[in-house]
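Undergrad: Have a look at this one before I ask anything.
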Amino acid sequence: MSVAILALVWLMGISAARILMPAPYNWSLQSGLLLSAGAGLGIGIASSLYFLVLALAGPNLIVLASVEGAVLIVLVAFAVLVKPAAALHFAPGQPAPTYLTALVIAAAAIAVISSILAYMSKPHGEWDAWSIWNLRARFLYRGGQFWKDAFTNQIPWTHPDYPLLVPSIVAMTWTLARAESTAAPGIVAFLFTFAAAGVLISTVGILRGKTQSFLAGILLLGSASFLVIGTDQYADIPLSFYIFTSLALLCLADRNSSSLRLSILAGIAAGFAAWTKNEGQLFIAALILARILALYLYSDRSGLGRRVLSLVAGMIPPLAVVAFFKLRYAPPNDLLSTPPKQALAHLLEFGRWVTVLQGFFIALLRIGGFLIPVILFLALYWYLIRFKVEETLRTSVATVILALALMLAGDFAIYVLFPNDVAWQVNTSIERILLQVWPAALLAFFLAVNVPQLVSVAPPAHKPKLKKSKAS
Amino acid sequence: MVRHKFAVIALAVVALGTGFWELLDLVGASNRGVDFGVAAFESRFDEFRATIKPHSTFGYVSDNPPNDPSYLSEYYLTQYTLAPAIIKSDPNEDLVIINFHTERPDQAAMHALNIVPVAVYGHGVILCRRAAQ
């Protein structure tokens with residue numbers, strides 16, 4: 001039953017994505033993008049509706065099923081009626097060698113089998129899953145009229161102020177299925193992990209061609225820690241999905257700056273980042289600032305206001321849900337409750353800067369959980385193939401890089417300013433903080449780096465007619 | 001072109017090698033039957049869980065040493081298992097859940113905490129209440 005419910009949620013997301021990114025019905029790379037982005041969008045929409053129904057109508061199965069069902073029907077109807085635009089395909093370029101296609105299929109197969117095995121050995125997920133996310137889902141589902149106990153201050157270690165996207169979608173699935181099962185959080189985790197790979201392959205494919213997109217896909221699917229944290233049912237991978245998808249959609253939006261639909265869709269994805277984890281709220285600020293700067297520096301400034309406003313317009317519905325939750329139910333955040341005097345004292349403590357810098361450096365070497373630090377291989381790759389950002393991609397690459405830089409700068413500042421035990425905070429979270437930006441970093445890398453020449457380019461052929469004339 | 005091929009193959013080998021290594025690890029773990037044991041832990045509380053009502057609060061006491069990582073993980077798992085009840089890591093509640101790892105409860109420890117058993121659920125799980133002063 002959980003599978004059927006989550007399939008309908010997925011359909012809801014695909015429909016919402018298709019309304020703003022109309023594609024023909026025949027298969028194209030855009031279909032892959034719709035399927036991948038739709039998974040996260042559907043989960044975001046369905047979880048927001050679940051929370052609003054719970055808050056406004058209480059734990060009522062009929063109201064919940066009616067609201068979710070009505071929204072699904074409306075979105076599907078609009079998606080069917082929307083006039084298809086031209087399909088997005090792989091960017092033209094040299095064909096990808098067969099071995100690269102085989103490698104990406106192998107990477108996907110290994111990742112899928114690993115995720116299934118990991119789920120089978122840990123169906124409840126890992127520490128954060130059962131101490132925060134699935135625990136909160138149980139409070140929402142099992143609590144009945146006392147569902148607000150999920151935000152009690154009596155057990156502060158459960159972080160009752162954390163946003164509810166993941167717990168809500170799990171509790172919604174249990175409620176509609178009328179049964180609690182580990183399949184729900186397991187499938188949600190699987191969808192986010194592989195949808196991120198789908199969005200990466202499609203976006204890089206549309207913007208840079210098949211070879212680049214397959215390489216990016218191989219690298220993300222081979223990132224052991226990305227898969228492990230995903231199947232551990234931590235919320236960092238859903239967050240990384242939304243951060244990355246919003247940036248990917250903005251890159252696609254830059255191809256046709258007159259259409260604002262993709263910017264709106266990017267805004268919705270960014271809004272869901274804020275509904276997933278508190279770091280998502282930091283991302284919202286970083287994204288808006290980065291977008292303004294990138295458009296100002298690298299684009300036609302006349303459209304700046306329109307393009308930024310469309311992004312913000314997309315963010316508004318999810319952010320309204322976040323604001324409702326934060327203002328009405330969530331207790332204050334433990335880190336941000338640090339008194340200003342203490343935060344200032346932390347700022348002036350040199351040792352904290354060293355601890356955080358060291359943490360970032362080590363985590364950077366470990367990013368992706370590769371056998372050998374992948375950052376060194378990316379540097380080698382860069383040296384051998386070189387960067388050349390195409391004119392048409394400058395705004396996109398600048399948006400991604402600035403957003404990630406601002407986000408990481410914000411994370412750095414939070415580490416320095418707030419936690420009492422900074423070493424513990426860094427050790428327990430910094431690798432996940434970097435994973436949150438890992439797919440988006442791969443997007444920036446493969447948009448900026450040259451396309452490798454893997455297939456021999458045949459020398460210009462002699463014109464047969466000329467030959468003939470010479471012979472004659 | 002050789003440089004490019006080398007760069008691509010090096011990157012692909014690192015990625016696929018890591019993925020394959022992770023897969024072997026997981027296959028090995030599943031063959032050894034390694035299980036963190038959330039389900040097993042939950043099953044110890046099955047009988048008690050059936051009696052729990054929402055919006056109830058319990059204290060929690062364990063025979064794990066407080067500084068041992070197992071204390072915190074088992075306390076968190078107890079909260080996960082017994083949600084939507086609220087479990088506080090504190091023996092000073094009216095009702096207290098005892099999570100012992102022996103079938104014979106440590107009477108002296110319970111006496112010291114001023115709690116008396118109300119119901120014994122097996123597997124070291126006991127519900128206690130505060131004794132009259």
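Just so we're on the same page: first chain in the structure tokens is A, next is B, and so on; residues restart at 1 for each chain, and ligands are numbered from 1 in the order they show up.
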Might you pull out every residue within 9 Å of stretch 274-276 of chain A, with only C-alpha atoms counted and same-chain residues fewer than 4 positions away left off, and present them as an mmCIF file with C-alpha atoms, in the first residue's frame?
TA:
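Generated file (out-v2.cif):
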data_model
loop_
_atom_site.group_PDB
_atom_site.id
_atom_site.type_symbol
_atom_site.label_atom_id
_atom_site.label_comp_id
_atom_site.auth_asym_id
_atom_site.auth_seq_id
_atom_site.Cartn_x
_atom_site.Cartn_y
_atom_site.Cartn_z
ATOM 1 C CA GLY A 44 7.115 18.348 -0.888
ATOM 2 C CA SER A 48 2.886 20.259 3.136
ATOM 3 C CA TYR A 162 13.260 20.843 12.872
ATOM 4 C CA PRO A 163 10.986 21.246 9.826
ATOM 5 C CA LEU A 164 8.622 18.441 8.936
ATOM 6 C CA LEU A 165 8.926 17.483 5.269
ATOM 7 C CA VAL A 166 10.377 14.018 5.915
ATOM 8 C CA ALA A 235 17.183 14.327 5.942
ATOM 9 C CA ASP A 236 20.469 15.602 4.492
ATOM 10 C CA PRO A 238 16.378 15.196 0.692
ATOM 11 C CA LEU A 239 17.842 18.619 1.518
ATOM 12 C CA TYR A 242 16.090 20.342 -3.134
ATOM 13 C CA ALA A 270 14.200 25.930 -2.788
ATOM 14 C CA GLY A 280 17.388 25.026 3.948
ATOM 15 C CA GLN A 281 16.400 28.417 5.367
ATOM 16 C CA LEU A 282 20.033 29.475 5.139
ATOM 17 C CA PHE A 283 20.029 28.232 1.545
ATOM 18 C CA ILE A 284 17.034 30.438 0.697
ATOM 19 C CA PRO A 318 6.461 26.325 0.877
ATOM 20 C CA LEU A 319 7.881 29.147 2.992
ATOM 21 C CA VAL A 321 4.055 26.434 5.470
ATOM 22 C CA VAL A 322 7.469 26.706 7.150
#
Undergrad: Residues within 9 Å of B:Tyr80, please, as a list of chain:residue names. Count only C-alpha atoms; anything in the same chain fewer than 5 positions from it doesn't count.
TA: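 Result of the neighbour search: A:Trp130, A:Ser131, A:Ile132, A:Asn134, A:Leu135, A:Arg136, A:Arg138, B:Glu42, B:Tyr75.
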Undergrad: Please tabulate, as JSON lines, the residues of stretch 406-461 of chain A that come within 9 Å of stretch 353-370 of chain A, each with its closest pair of atoms and the distance in Å to one decimal, counting only C-alpha atoms and ordering rows by chain, then residue number upward.
TA:
{"residue": "A:Phe412", "atom": "CA", "partner": "A:Val356", "partner_atom": "CA", "distance": 7.0}
{"residue": "A:Tyr415", "atom": "CA", "partner": "A:Val356", "partner_atom": "CA", "distance": 6.8}
{"residue": "A:Val416", "atom": "CA", "partner": "A:Trp353", "partner_atom": "CA", "distance": 6.2}
{"residue": "A:Val422", "atom": "CA", "partner": "A:Thr355", "partner_atom": "CA", "distance": 7.5}
{"residue": "A:Ala423", "atom": "CA", "partner": "A:Thr355", "partner_atom": "CA", "distance": 6.4}
{"residue": "A:Val426", "atom": "CA", "partner": "A:Gly359", "partner_atom": "CA", "distance": 6.2}
{"residue": "A:Asn427", "atom": "CA", "partner": "A:Gly359", "partner_atom": "CA", "distance": 7.1}
{"residue": "A:Ile430", "atom": "CA", "partner": "A:Ala363", "partner_atom": "CA", "distance": 6.6}
{"residue": "A:Glu431", "atom": "CA", "partner": "A:Ala363", "partner_atom": "CA", "distance": 5.3}
{"residue": "A:Arg432", "atom": "CA", "partner": "A:Ala363", "partner_atom": "CA", "distance": 8.9}
{"residue": "A:Leu434", "atom": "CA", "partner": "A:Ile367", "partner_atom": "CA", "distance": 6.9}
{"residue": "A:Leu435", "atom": "CA", "partner": "A:Ile367", "partner_atom": "CA", "distance": 6.9}
{"residue": "A:Trp438", "atom": "CA", "partner": "A:Gly368", "partner_atom": "CA", "distance": 7.6}
Undergrad: Convert the current residue selection to file output with N, CA and C atoms, as a compact mmCIF listing (two decimals), in the first residue's frame.
TA:
# COMPACT_ATOMS: atom_id res chain seq x y z
N PHE A 412 29.77 27.85 8.12
CA PHE A 412 31.02 28.12 8.84
C PHE A 412 30.74 29.08 10.00
N TYR A 415 28.92 27.38 12.86
CA TYR A 415 29.82 26.56 13.68
C TYR A 415 30.64 27.43 14.63
N VAL A 416 31.15 28.55 14.13
CA VAL A 416 32.02 29.39 14.97
C VAL A 416 31.21 30.08 16.07
N VAL A 422 32.12 22.98 20.06
CA VAL A 422 32.25 23.11 18.61
C VAL A 422 32.88 21.86 17.98
N ALA A 423 33.82 21.23 18.70
CA ALA A 423 34.49 20.05 18.14
C ALA A 423 33.48 18.92 17.93
N VAL A 426 31.16 19.82 15.01
CA VAL A 426 31.84 19.65 13.72
C VAL A 426 31.96 18.17 13.39
N ASN A 427 32.44 17.38 14.38
CA ASN A 427 32.67 15.96 14.11
C ASN A 427 31.40 15.21 13.74
N ILE A 430 29.74 17.73 10.03
CA ILE A 430 30.32 18.47 8.90
C ILE A 430 30.33 17.67 7.59
N GLU A 431 30.50 16.35 7.69
CA GLU A 431 30.49 15.56 6.45
C GLU A 431 29.12 15.62 5.79
N ARG A 432 28.08 15.64 6.61
CA ARG A 432 26.71 15.72 6.06
C ARG A 432 26.45 17.12 5.49
N LEU A 434 28.61 18.97 4.00
CA LEU A 434 29.21 19.02 2.67
C LEU A 434 28.44 18.15 1.68
N LEU A 435 27.86 17.06 2.17
CA LEU A 435 27.05 16.22 1.26
C LEU A 435 25.81 16.97 0.77
N TRP A 438 26.94 18.55 -2.30
CA TRP A 438 27.74 17.72 -3.21
C TRP A 438 27.14 17.61 -4.61
Undergrad: Specify as a ChimeraX atom specification all residues of chain B found within 8 Å of chain A, counting only C-alpha atoms.
TA: /B:1,3-5,7-8,10-12,14-20,22-23,26-27,30,34-36,38-39,54-55,76-77,79-80,83-84,86-88
Undergrad: Which is closer to A:Ala65 than all the others in A:Tyr234, A:Tyr50, A:Phe194, A:Phe78, using only C-alpha atoms?
TA: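 Residue with the minimum atom-to-atom distance to A:Ala65: A:Tyr50.
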Undergrad: Could you write out, as number ranges by chain, all the residues of chain B that DSSP marks as alpha helix (DSSP H)?
TA: B: 2-32, 38-44, 46-49, 69-82, 107-112
Undergrad: Got a sec: who's within 9 Å of A:Phe445, counting only C-alpha atoms, leaving out chain neighbours fewer than 4 positions off, as a PyMOL selection string?
TA: chain A and resi 216+378+387+397+440-441+449
Undergrad: So that I can check the surroundings of stretch 81-95 of chain A, please list as number ranges by chain every protein, DNA and RNA residue that reaches within 7 Å of it, counting only C-alpha atoms and ignoring chain neighbours fewer than 4 positions away.
TA: A: 19, 22-24, 28-30, 77, 205-210
Undergrad: For stretch 101-113 of chain B, work out the shell of residues within 8 Å, counting only C-alpha atoms and skipping chain neighbours fewer than 2 positions away, then give it as an MDAnalysis selection string.
TA: chainID B and resid 63 91 99 115:116 122:124
Undergrad: Using only C-alpha atoms, which residue out of A:Thr203, A:Thr428, A:Ser15, A:Asn60 lies closest to A:Gly40?
TA: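 That would be A:Ser15, the residue with the smallest distance to A:Gly40.
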Undergrad: Please return, as a list in words, all residues of chain B that DSSP assigns to strand (DSSP E or B) on the basis of the backbone.
TA: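 Matching residues, listed in order: Thr57, Phe58, Gly59, Tyr60, Val61, Ser62, Ile86, Ile87, Lys88, Leu95, Val96, Ile97, Ile98, Asn99, Ile115, Val116, Pro117, Val118, Ala119, Val120, Tyr121, Gly122, Val125, Ile126, Leu127, Cys128, Arg129 and Arg130 of chain B.
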Undergrad: Would you mind exporting the chosen residues as a CSV table (one decimal), in the first residue's frame, restricted to C-alpha atoms?
TA:
chain,number,residue,atom,x,y,z
B,57,THR,CA,5.0,10.7,30.2
B,58,PHE,CA,7.4,8.2,31.7
B,59,GLY,CA,10.8,8.4,33.4
B,60,TYR,CA,13.5,6.1,32.2
B,61,VAL,CA,16.2,4.1,34.1
B,62,SER,CA,18.6,1.6,32.7
B,86,ILE,CA,7.2,10.9,26.1
B,87,ILE,CA,10.1,9.2,27.7
B,88,LYS,CA,12.4,11.4,29.9
B,95,LEU,CA,5.8,6.3,36.3
B,96,VAL,CA,9.3,5.0,35.4
B,97,ILE,CA,10.3,2.5,32.7
B,98,ILE,CA,13.1,0.2,33.8
B,99,ASN,CA,15.2,-1.2,31.0
B,115,ILE,CA,10.5,3.3,42.9
B,116,VAL,CA,8.5,0.1,43.1
B,117,PRO,CA,7.4,-2.3,40.4
B,118,VAL,CA,3.9,-2.0,39.0
B,119,ALA,CA,4.1,-4.5,36.1
B,120,VAL,CA,6.8,-6.8,34.8
B,121,TYR,CA,6.8,-7.3,31.0
B,122,GLY,CA,9.8,-9.7,30.6
B,125,VAL,CA,11.3,-4.3,31.0
B,126,ILE,CA,9.5,-3.2,34.1
B,127,LEU,CA,7.0,-0.4,34.8
B,128,CYS,CA,7.5,1.2,38.2
B,129,ARG,CA,5.9,4.0,40.1
B,130,ARG,CA,7.2,6.3,42.8
Undergrad: From the set B:Pro65, B:Asn114, B:Phe6, B:Arg49, which residue has the shortest atom-to-atom contact distance to B:Thr81, counting only C-alpha atoms?
TA: B:Arg49
Undergrad: So how far away is atom CA of B:Ser89 from atom CA of A:Ala55, in Å?
TA: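 Interatomic distance, atom CA of A:Ala55 to atom CA of B:Ser89: 29.1 Å.
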Undergrad: Per residue of stretch 316-410 of chain A within 9 Å of stretch 246-251 of chain A, note the shortest atom pair and the distance in Å to one decimal, counting only C-alpha atoms, and order the rows by chain and increasing residue number, as a Markdown table.
TA:
| residue | atom | partner | partner_atom | distance |
| --- | --- | --- | --- | --- |
| A:Leu393 | CA | A:Cys251 | CA | 7.6 |
| A:Thr395 | CA | A:Cys251 | CA | 7.9 |
| A:Ser396 | CA | A:Cys251 | CA | 4.7 |
| A:Val397 | CA | A:Cys251 | CA | 7.6 |
| A:Thr399 | CA | A:Leu247 | CA | 7.5 |
| A:Val400 | CA | A:Leu247 | CA | 6.1 |
| A:Ala403 | CA | A:Leu247 | CA | 8.5 |
Undergrad: How many Å lie between atom CA of A:Gly271 and atom CA of A:Val9, rounded to one decimal?
TA: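 Computing it gives 17.9 Å between the two atoms.
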